[in-house]
Structure formats: structure tokens, C-alpha cells
file protein.pdb (PDB, C-alpha atoms and all ligand atoms)
ATOM      1  CA  MET A   1      20.442  43.312  -5.508  1.00  0.00           C
ATOM      2  CA  VAL A   2      19.858  41.077  -2.505  1.00  0.00           C
ATOM      3  CA  ASP A   3      16.222  42.130  -2.394  1.00  0.00           C
ATOM      4  CA  SER A   4      15.536  41.203  -5.989  1.00  0.00           C
ATOM      5  CA  PHE A   5      17.318  37.894  -5.482  1.00  0.00           C
ATOM      6  CA  LEU A   6      15.109  37.154  -2.486  1.00  0.00           C
ATOM      7  CA  LEU A   7      11.996  38.246  -4.329  1.00  0.00           C
ATOM      8  CA  THR A   8      12.614  35.838  -7.191  1.00  0.00           C
ATOM      9  CA  VAL A   9      14.009  32.940  -5.227  1.00  0.00           C
ATOM     10  CA  LEU A  10      12.024  33.077  -1.998  1.00  0.00           C
ATOM     11  CA  PRO A  11       8.601  32.258  -3.505  1.00  0.00           C
ATOM     12  CA  GLU A  12      10.179  29.303  -5.298  1.00  0.00           C
ATOM     13  CA  ILE A  13      11.744  28.074  -2.067  1.00  0.00           C
ATOM     14  CA  ILE A  14       8.425  28.388  -0.249  1.00  0.00           C
ATOM     15  CA  ARG A  15       6.681  26.526  -3.046  1.00  0.00           C
ATOM     16  CA  LEU A  16       9.347  23.851  -2.849  1.00  0.00           C
ATOM     17  CA  ILE A  17       8.897  23.442   0.897  1.00  0.00           C
ATOM     18  CA  VAL A  18       5.103  23.299   0.644  1.00  0.00           C
ATOM     19  CA  LEU A  19       5.278  20.686  -2.107  1.00  0.00           C
ATOM     20  CA  ALA A  20       7.833  18.644  -0.185  1.00  0.00           C
ATOM     21  CA  VAL A  21       5.552  18.688   2.860  1.00  0.00           C
ATOM     22  CA  PHE A  22       2.620  17.489   0.727  1.00  0.00           C
ATOM     23  CA  VAL A  23       4.686  14.670  -0.742  1.00  0.00           C
ATOM     24  CA  LEU A  24       5.935  13.592   2.689  1.00  0.00           C
ATOM     25  CA  TRP A  25       2.443  13.786   4.182  1.00  0.00           C
ATOM     26  CA  LYS A  26       1.069  11.615   1.399  1.00  0.00           C
ATOM     27  CA  PHE A  27       3.879   9.140   1.852  1.00  0.00           C
ATOM     28  CA  TYR A  28       3.314   9.068   5.601  1.00  0.00           C
ATOM     29  CA  ARG A  29      -0.421   8.360   5.124  1.00  0.00           C
ATOM     30  CA  PHE A  30       0.402   5.625   2.619  1.00  0.00           C
ATOM     31  CA  VAL A  31       2.821   3.916   5.003  1.00  0.00           C
ATOM     32  CA  ARG A  32       0.448   4.302   7.958  1.00  0.00           C
ATOM     33  CA  SER A  33      -2.547   2.901   6.120  1.00  0.00           C
ATOM     34  CA  ASN A  34      -0.490   0.027   4.718  1.00  0.00           C
ATOM     35  CA  TYR A  35       0.763  -0.735   8.198  1.00  0.00           C
ATOM     36  CA  ARG A  36      -2.715  -0.653   9.780  1.00  0.00           C
ATOM     37  CA  TYR A  37      -4.067  -2.823   7.006  1.00  0.00           C
ATOM     38  CA  MET A  38      -1.346  -5.469   7.252  1.00  0.00           C
ATOM     39  CA  ALA A  39      -1.464  -5.398  11.062  1.00  0.00           C
ATOM     40  CA  MET A  40      -5.193  -6.174  10.861  1.00  0.00           C
ATOM     41  CA  ILE A  41      -4.617  -9.099   8.480  1.00  0.00           C
ATOM     42  CA  ASN A  42      -1.806 -10.435  10.653  1.00  0.00           C
ATOM     43  CA  LYS A  43      -4.037 -10.215  13.712  1.00  0.00           C
ATOM     44  CA  LYS A  44      -6.872 -12.093  12.030  1.00  0.00           C
ATOM     45  CA  SER A  45      -4.812 -14.777  10.302  1.00  0.00           C
ATOM     46  CA  SER A  46      -1.635 -16.751  10.601  1.00  0.00           C
ATOM     47  CA  LYS A  47       1.050 -17.405   8.034  1.00  0.00           C
ATOM     48  CA  PHE A  48       2.198 -20.910   7.311  1.00  0.00           C
ATOM     49  CA  ILE A  49       4.371 -22.829   4.875  1.00  0.00           C
ATOM     50  CA  TYR A  50       2.598 -25.866   3.522  1.00  0.00           C
ATOM     51  CA  ARG A  51       4.246 -29.211   4.172  1.00  0.00           C
ATOM     52  CA  LYS A  52       2.799 -32.368   2.685  1.00  0.00           C
ATOM     53  CA  ASN A  53       1.192 -34.602   5.233  1.00  0.00           C
ATOM     54  CA  PRO A  54       0.260 -38.131   4.098  1.00  0.00           C
ATOM     55  CA  ASN A  55      -2.363 -38.352   6.840  1.00  0.00           C
ATOM     56  CA  SER A  56      -4.454 -35.427   5.709  1.00  0.00           C
ATOM     57  CA  GLU A  57      -6.103 -34.262   2.519  1.00  0.00           C
ATOM     58  CA  ILE A  58      -4.254 -31.756   0.352  1.00  0.00           C
ATOM     59  CA  PRO A  59      -5.966 -28.422   0.895  1.00  0.00           C
ATOM     60  CA  GLU A  60      -7.142 -26.383  -2.073  1.00  0.00           C
ATOM     61  CA  CYS A  61      -6.968 -22.616  -2.353  1.00  0.00           C
ATOM     62  CA  ALA A  62     -10.538 -21.545  -3.118  1.00  0.00           C
ATOM     63  CA  ILE A  63      -9.384 -18.348  -4.815  1.00  0.00           C
ATOM     64  CA  CYS A  64      -7.138 -19.735  -7.564  1.00  0.00           C
ATOM     65  CA  LEU A  65      -8.671 -23.229  -7.311  1.00  0.00           C
ATOM     66  CA  SER A  66      -5.332 -25.024  -7.197  1.00  0.00           C
ATOM     67  CA  ASP A  67      -4.054 -27.495  -4.657  1.00  0.00           C
ATOM     68  CA  PHE A  68      -1.340 -26.558  -2.241  1.00  0.00           C
ATOM     69  CA  VAL A  69       2.050 -27.949  -3.173  1.00  0.00           C
ATOM     70  CA  GLU A  70       5.051 -28.485  -0.949  1.00  0.00           C
ATOM     71  CA  SER A  71       6.407 -25.253   0.574  1.00  0.00           C
ATOM     72  CA  ASP A  72       3.604 -23.006  -0.745  1.00  0.00           C
ATOM     73  CA  LYS A  73       3.172 -19.899   1.374  1.00  0.00           C
ATOM     74  CA  GLY A  74      -0.294 -19.761   2.890  1.00  0.00           C
ATOM     75  CA  ARG A  75      -2.498 -17.846   5.262  1.00  0.00           C
ATOM     76  CA  LYS A  76      -5.012 -19.388   7.595  1.00  0.00           C
ATOM     77  CA  LEU A  77      -7.789 -16.957   8.480  1.00  0.00           C
ATOM     78  CA  GLU A  78      -9.531 -16.713  11.831  1.00  0.00           C
ATOM     79  CA  CYS A  79     -12.360 -18.855  10.436  1.00  0.00           C
ATOM     80  CA  GLU A  80      -9.823 -21.675   9.770  1.00  0.00           C
ATOM     81  CA  HIS A  81     -10.032 -21.280   5.999  1.00  0.00           C
ATOM     82  CA  MET A  82      -6.714 -21.540   4.188  1.00  0.00           C
ATOM     83  CA  PHE A  83      -5.535 -19.782   1.038  1.00  0.00           C
ATOM     84  CA  HIS A  84      -2.294 -18.943  -0.687  1.00  0.00           C
ATOM     85  CA  ARG A  85      -0.771 -15.878   0.914  1.00  0.00           C
ATOM     86  CA  HIS A  86      -0.652 -13.827  -2.302  1.00  0.00           C
ATOM     87  CA  CYS A  87      -4.156 -14.928  -3.354  1.00  0.00           C
ATOM     88  CA  VAL A  88      -5.858 -13.956  -0.112  1.00  0.00           C
ATOM     89  CA  GLU A  89      -3.908 -10.714   0.313  1.00  0.00           C
ATOM     90  CA  LYS A  90      -4.895  -9.644  -3.200  1.00  0.00           C
ATOM     91  CA  TRP A  91      -8.483 -10.650  -2.518  1.00  0.00           C
ATOM     92  CA  LEU A  92      -8.657  -8.696   0.726  1.00  0.00           C
ATOM     93  CA  GLN A  93      -7.116  -5.614  -0.892  1.00  0.00           C
ATOM     94  CA  GLU A  94      -9.096  -5.492  -4.101  1.00  0.00           C
ATOM     95  CA  TYR A  95     -12.442  -7.040  -3.303  1.00  0.00           C
ATOM     96  CA  LYS A  96     -13.852  -7.255   0.148  1.00  0.00           C
ATOM     97  CA  GLY A  97     -12.279  -7.404   3.565  1.00  0.00           C
ATOM     98  CA  THR A  98     -14.024 -10.721   4.175  1.00  0.00           C
ATOM     99  CA  CYS A  99     -13.177 -14.410   3.843  1.00  0.00           C
ATOM    100  CA  PRO A 100     -14.007 -15.512   0.268  1.00  0.00           C
ATOM    101  CA  LEU A 101     -15.582 -18.727   1.557  1.00  0.00           C
ATOM    102  CA  CYS A 102     -17.594 -17.901   4.661  1.00  0.00           C
ATOM    103  CA  ARG A 103     -17.638 -14.081   4.470  1.00  0.00           C
ATOM    104  CA  SER A 104     -16.492 -13.562   8.028  1.00  0.00           C
ATOM    105  CA  SER A 105     -14.978 -10.124   8.402  1.00  0.00           C
ATOM    106  CA  ILE A 106     -11.163  -9.896   8.344  1.00  0.00           C
ATOM    107  CA  VAL A 107     -10.399  -6.248   7.616  1.00  0.00           C
ATOM    108  CA  SER A 108     -12.824  -3.658   8.972  1.00  0.00           C
ATOM    109  CA  GLU A 109     -14.665  -1.481   6.441  1.00  0.00           C
ATOM    110  CA  GLU A 110     -13.008   1.630   7.849  1.00  0.00           C
ATOM    111  CA  ILE A 111      -9.445   0.360   7.427  1.00  0.00           C
ATOM    112  CA  LEU A 112     -10.207  -1.060   3.994  1.00  0.00           C
ATOM    113  CA  ALA A 113     -11.798   2.217   2.814  1.00  0.00           C
ATOM    114  CA  GLU A 114      -8.807   4.207   4.019  1.00  0.00           C
ATOM    115  CA  TYR A 115      -6.392   1.751   2.412  1.00  0.00           C
ATOM    116  CA  ARG A 116      -8.143   2.039  -0.962  1.00  0.00           C
ATOM    117  CA  ARG A 117      -8.411   5.826  -0.797  1.00  0.00           C
ATOM    118  CA  VAL A 118      -4.726   6.233  -0.014  1.00  0.00           C
ATOM    119  CA  LYS A 119      -3.789   3.721  -2.700  1.00  0.00           C
ATOM    120  CA  ASN A 120      -5.769   5.686  -5.289  1.00  0.00           C
ATOM    121  CA  GLU A 121      -4.119   8.913  -4.190  1.00  0.00           C
ATOM    122  CA  GLN A 122      -0.770   7.193  -4.628  1.00  0.00           C
ATOM    123  CA  ASN A 123      -1.639   6.509  -8.256  1.00  0.00           C
ATOM    124  CA  ASP A 124      -2.192  10.130  -9.195  1.00  0.00           C
ATOM    125  CA  ASN A 125       1.143  11.657  -8.252  1.00  0.00           C
ATOM    126  CA  ILE A 126       0.318  15.274  -9.013  1.00  0.00           C
ATOM    127  CA  PHE A 127       2.454  16.676  -6.165  1.00  0.00           C
ATOM    128  CA  GLU A 128       5.463  14.584  -7.119  1.00  0.00           C
ATOM    129  CA  LYS A 129       5.244  15.780 -10.720  1.00  0.00           C
ATOM    130  CA  GLU A 130       4.924  19.397  -9.626  1.00  0.00           C
ATOM    131  CA  LEU A 131       7.919  19.000  -7.316  1.00  0.00           C
ATOM    132  CA  ALA A 132      10.020  17.424 -10.059  1.00  0.00           C
ATOM    133  CA  LEU A 133       9.141  20.225 -12.504  1.00  0.00           C
ATOM    134  CA  LEU A 134       9.945  22.853  -9.922  1.00  0.00           C
ATOM    135  CA  LEU A 135      13.304  21.292  -9.092  1.00  0.00           C
ATOM    136  CA  LEU A 136      14.082  21.114 -12.793  1.00  0.00           C
ATOM    137  CA  SER A 137      13.239  24.774 -13.361  1.00  0.00           C
ATOM    138  CA  VAL A 138      15.257  25.837 -10.313  1.00  0.00           C
ATOM    139  CA  MET A 139      18.272  23.892 -11.558  1.00  0.00           C
ATOM    140  CA  GLN A 140      17.988  25.336 -15.068  1.00  0.00           C
ATOM    141  CA  GLY A 141      17.502  28.831 -13.657  1.00  0.00           C
ATOM    142  CA  GLY A 142      20.605  28.355 -11.535  1.00  0.00           C
ATOM    143  CA  SER A 143      22.815  27.381 -14.451  1.00  0.00           C
ATOM    144  CA  CYS A 144      21.523  30.288 -16.595  1.00  0.00           C
ATOM    145  CA  ASN A 145      22.390  32.786 -13.888  1.00  0.00           C
ATOM    146  CA  GLY A 146      25.907  31.434 -13.817  1.00  0.00           C
ATOM    147  CA  PHE A 147      26.589  32.555 -17.391  1.00  0.00           C
TER
HETATM  148 ZN    ZN B   1      -4.369 -19.520  -4.464  1.00  0.00          ZN
HETATM  149 ZN    ZN B   2     -13.764 -18.377   6.172  1.00  0.00          ZN
END
call {"tool": "encode", "arguments": {"input": "protein.pdb", "output": "C-alpha cells", "more": "lines below"}}
Ligand SMILES: [Zn+2]
Ligand SMILES: [Zn+2]
result
Amino acid sequence: MVDSFLLTVLPEIIRLIVLAVFVLWKFYRFVRSNYRYMAMINKKSSKFIYRKNPNSEIPECAICLSDFVESDKGRKLECEHMFHRHCVEKWLQEYKGTCPLCRSSIVSEEILAEYRRVKNEQNDNIFEKELALLLLSVMQGGSCNGF
């Protein structure tokens, strides 16, 4: 009785643990790569909030081609070029890890490649689906046994 219970349940439990480890490992890699990527951007640029200054020209964001307005969130890259924070972060993530104006390197190829790979993996959530199905079948199996 106990043996047959173990034989049916144990493989499911092992599968569950393996899947959970895969999901956690993926999540860990996602967080780590995100962290490395943002740390790199933070190191190579500084955040600022734009305040109007009558003595200087209004800067323009070369990505969305609009002027900065009061209290816009911006990022100034190492090369002194300024962009909106969301514009330049999107640019660095989806295009190249370089300044859109002068092409000086901001995020290294290696970190950018890892970031993109992990992000793609995040999109196909095969392990999560498998885990959800397994949990569902275990729960249904459990209630059937009760009757
Ligand atoms: Zn912009
Ligand atoms: Zn630049």
C-alpha cells in the first residue's frame, strides 16, 4: 500500500522539484543579468531631473526628437550626451549598447548579449507552464483519491 503510493507519487514529486529548480534558476539568471545590466548603465551615466534654466538652451532628446520639459527624467551618458531616461534605456536594451549620437560604448557586448539571451528565455516560459500543469494534475489527482 505504502509502496504503491510512493511509486505513483514519488516520481511526480521529483519532477516537481526539478521543475521548481529550473524555474528558480531561470529567475535567478534573469535578476542577475538585469542587475548587471542596470549597474553598468548607472556606472556609465547619471540620472537627472530637468529643470528649466533661462541661461542655457533647452536640450533635445535625440532619440524621440522632443525638447526636454520641466521635471523630465533624463540620463546623461559618460560622453555628456543627454536623453530621456526611458528613451535611452529602451535604446540601450533593444538596439546597441552605445550612445545613439557618438557611438561611445555604454554597455559591454558581453553584458548586452547575456541580457538579451535571458530576456528571450523569459519570453518562452516552457518550464513555468509545465510546472503549472503538473501542479494542476497533482491537485486533481489528490481530490479524486479522496472520493
Ligand atoms: Zn526622448
Ligand atoms: Zn554620446
call {"tool": "closest_atom_pairs", "arguments": {"input": "protein.pdb", "of": "range 7-52 of chain A", "to": "range 92-109 of chain A", "cutoff": "7 Å", "atoms": "all atoms listed in the file", "output": "CSV"}}
result
residue,atom,partner,partner_atom,distance
A:Met40,CA,A:Val107,CA,6.1
A:Ile41,CA,A:Val107,CA,6.5
A:Lys44,CA,A:Ile106,CA,6.1
call {"tool": "resolve_selection", "arguments": {"input": "protein.pdb", "expression": "the PyMOL selection byres (((not hetatm)) within 7 of (chain B and resi 1))", "output": "ChimeraX atom specification"}}
result
/A:61-66,83-84,87
call {"tool": "closest_residue", "arguments": {"input": "protein.pdb", "among": "A:Met82, A:Val69, A:Leu24, A:Leu16", "to": "Ser45 in chain A", "atoms": "all atoms listed in the file"}}
result
A:Met82
call {"tool": "atom_distance", "arguments": {"input": "protein.pdb", "atom1": "CA of Asn125 in chain A", "atom2": "CA of Arg85 in chain A"}}
result
29.1 Å
call {"tool": "closest_residue", "arguments": {"input": "protein.pdb", "among": "A:Ile111, A:Ser33, A:His81, A:Ile49", "to": "ligand ZN 2 (chain B)", "atoms": "only C-alpha atoms and all ligand atoms"}}
result
A:His81
call {"tool": "atom_distance", "arguments": {"input": "protein.pdb", "atom1": "CA of Asn55 in chain A", "atom2": "CA of Ser71 in chain A"}}
result
17.0 Å
call {"tool": "atom_distance", "arguments": {"input": "protein.pdb", "atom1": "CA of Val88 in chain A", "atom2": "CA of Trp25 in chain A"}}
result
29.3 Å
call {"tool": "closest_residue", "arguments": {"input": "protein.pdb", "among": "A:Glu78, A:Glu128, A:Glu110, A:Glu89", "to": "ligand ZN 2 (chain B)", "atoms": "all atoms listed in the file"}}
result
A:Glu78
call {"tool": "residues_around", "arguments": {"input": "protein.pdb", "residues": "Ser46 in chain A", "least_positions_apart": "4", "cutoff": "9 Å", "atoms": "only C-alpha atoms", "output": "compact mmCIF listing (two decimals) with C-alpha atoms, in the frame of the given file"}}
result
# COMPACT_ATOMS: atom_id res chain seq x y z
CA ILE A 41 -4.62 -9.10 8.48
CA ASN A 42 -1.81 -10.44 10.65
CA GLY A 74 -0.29 -19.76 2.89
CA ARG A 75 -2.50 -17.85 5.26
CA LYS A 76 -5.01 -19.39 7.60
CA LEU A 77 -7.79 -16.96 8.48
CA GLU A 78 -9.53 -16.71 11.83
call {"tool": "residues_around", "arguments": {"input": "protein.pdb", "residues": "range 118-124 of chain A", "least_positions_apart": "5", "cutoff": "10 Å", "atoms": "all atoms listed in the file", "output": "number ranges by chain"}}
result
A: 26-27, 29-34, 112-113, 129
call {"tool": "closest_residue", "arguments": {"input": "protein.pdb", "among": "A:Cys79, A:Leu7, A:Arg36, A:Arg15", "to": "ligand ZN 2 (chain B)", "atoms": "only C-alpha atoms and all ligand atoms"}}
result
A:Cys79
call {"tool": "resolve_selection", "arguments": {"input": "protein.pdb", "expression": "the PyMOL selection byres (((chain A and resi 132-138) around 12) and not hetatm)", "output": "list in words"}}
result
Thr8, Val9, Leu10, Pro11, Glu12, Ile13, Ile14, Arg15, Leu16, Ile17, Val18, Leu19, Ala20, Val23, Asn125, Ile126, Phe127, Glu128, Lys129, Glu130, Leu131, Met139, Gln140, Gly141, Gly142, Ser143, Cys144 and Asn145 of chain A
call {"tool": "write_last_selection", "arguments": {"input": "protein.pdb", "atoms": "C-alpha atoms", "output": "mmCIF file, in the frame of the given file"}}
result
data_model
loop_
_atom_site.group_PDB
_atom_site.id
_atom_site.type_symbol
_atom_site.label_atom_id
_atom_site.label_comp_id
_atom_site.auth_asym_id
_atom_site.auth_seq_id
_atom_site.Cartn_x
_atom_site.Cartn_y
_atom_site.Cartn_z
ATOM 1 C CA THR A 8 12.614 35.838 -7.191
ATOM 2 C CA VAL A 9 14.009 32.940 -5.227
ATOM 3 C CA LEU A 10 12.024 33.077 -1.998
ATOM 4 C CA PRO A 11 8.601 32.258 -3.505
ATOM 5 C CA GLU A 12 10.179 29.303 -5.298
ATOM 6 C CA ILE A 13 11.744 28.074 -2.067
ATOM 7 C CA ILE A 14 8.425 28.388 -0.249
ATOM 8 C CA ARG A 15 6.681 26.526 -3.046
ATOM 9 C CA LEU A 16 9.347 23.851 -2.849
ATOM 10 C CA ILE A 17 8.897 23.442 0.897
ATOM 11 C CA VAL A 18 5.103 23.299 0.644
ATOM 12 C CA LEU A 19 5.278 20.686 -2.107
ATOM 13 C CA ALA A 20 7.833 18.644 -0.185
ATOM 14 C CA VAL A 23 4.686 14.670 -0.742
ATOM 15 C CA ASN A 125 1.143 11.657 -8.252
ATOM 16 C CA ILE A 126 0.318 15.274 -9.013
ATOM 17 C CA PHE A 127 2.454 16.676 -6.165
ATOM 18 C CA GLU A 128 5.463 14.584 -7.119
ATOM 19 C CA LYS A 129 5.244 15.780 -10.720
ATOM 20 C CA GLU A 130 4.924 19.397 -9.626
ATOM 21 C CA LEU A 131 7.919 19.000 -7.316
ATOM 22 C CA MET A 139 18.272 23.892 -11.558
ATOM 23 C CA GLN A 140 17.988 25.336 -15.068
ATOM 24 C CA GLY A 141 17.502 28.831 -13.657
ATOM 25 C CA GLY A 142 20.605 28.355 -11.535
ATOM 26 C CA SER A 143 22.815 27.381 -14.451
ATOM 27 C CA CYS A 144 21.523 30.288 -16.595
ATOM 28 C CA ASN A 145 22.390 32.786 -13.888
#
call {"tool": "build_atoms", "arguments": {"input": "protein.pdb", "residues": "range 34-49 of chain A", "atoms": "N, CA, C and O atoms", "output": "short mmCIF file (atom, residue, chain, number, x, y, z; two decimals), keeping the file's coordinate frame"}}
result
data_model
loop_
_atom_site.label_atom_id
_atom_site.label_comp_id
_atom_site.auth_asym_id
_atom_site.auth_seq_id
_atom_site.Cartn_x
_atom_site.Cartn_y
_atom_site.Cartn_z
N ASN A 34 -1.02 1.35 5.04
CA ASN A 34 -0.49 0.03 4.72
C ASN A 34 -0.20 -0.78 5.98
O ASN A 34 -0.51 -1.97 6.07
N TYR A 35 0.39 -0.10 6.94
CA TYR A 35 0.76 -0.74 8.20
C TYR A 35 -0.48 -1.20 8.96
O TYR A 35 -0.55 -2.33 9.42
N ARG A 36 -1.48 -0.31 9.06
CA ARG A 36 -2.72 -0.65 9.78
C ARG A 36 -3.41 -1.82 9.12
O ARG A 36 -3.91 -2.73 9.77
N TYR A 37 -3.40 -1.79 7.78
CA TYR A 37 -4.07 -2.82 7.01
C TYR A 37 -3.40 -4.19 7.20
O TYR A 37 -4.05 -5.20 7.48
N MET A 38 -2.06 -4.20 7.09
CA MET A 38 -1.35 -5.47 7.25
C MET A 38 -1.41 -5.96 8.70
O MET A 38 -1.49 -7.16 8.95
N ALA A 39 -1.39 -5.01 9.65
CA ALA A 39 -1.46 -5.40 11.06
C ALA A 39 -2.79 -6.11 11.33
O ALA A 39 -2.86 -7.09 12.07
N MET A 40 -3.86 -5.59 10.70
CA MET A 40 -5.19 -6.17 10.86
C MET A 40 -5.21 -7.60 10.30
O MET A 40 -5.72 -8.52 10.93
N ILE A 41 -4.65 -7.77 9.09
CA ILE A 41 -4.62 -9.10 8.48
C ILE A 41 -3.80 -10.06 9.34
O ILE A 41 -4.20 -11.19 9.57
N ASN A 42 -2.65 -9.57 9.83
CA ASN A 42 -1.81 -10.44 10.65
C ASN A 42 -2.51 -10.84 11.94
O ASN A 42 -2.30 -11.94 12.44
N LYS A 43 -3.33 -9.92 12.47
CA LYS A 43 -4.04 -10.22 13.71
C LYS A 43 -5.11 -11.28 13.49
O LYS A 43 -5.35 -12.12 14.34
N LYS A 44 -5.73 -11.22 12.30
CA LYS A 44 -6.87 -12.09 12.03
C LYS A 44 -6.50 -13.35 11.25
O LYS A 44 -7.38 -14.09 10.82
N SER A 45 -5.21 -13.57 11.02
CA SER A 45 -4.81 -14.78 10.30
C SER A 45 -3.40 -15.16 10.70
O SER A 45 -2.70 -14.39 11.35
N SER A 46 -3.01 -16.36 10.32
CA SER A 46 -1.64 -16.75 10.60
C SER A 46 -0.97 -17.25 9.33
O SER A 46 -1.62 -17.87 8.49
N LYS A 47 0.31 -16.95 9.21
CA LYS A 47 1.05 -17.40 8.03
C LYS A 47 1.50 -18.84 8.26
O LYS A 47 1.75 -19.24 9.39
N PHE A 48 1.60 -19.57 7.18
CA PHE A 48 2.20 -20.91 7.31
C PHE A 48 2.87 -21.29 6.00
O PHE A 48 2.60 -20.69 4.95
N ILE A 49 3.75 -22.26 6.07
CA ILE A 49 4.37 -22.83 4.88
C ILE A 49 3.82 -24.24 4.78
O ILE A 49 3.92 -25.01 5.74
#
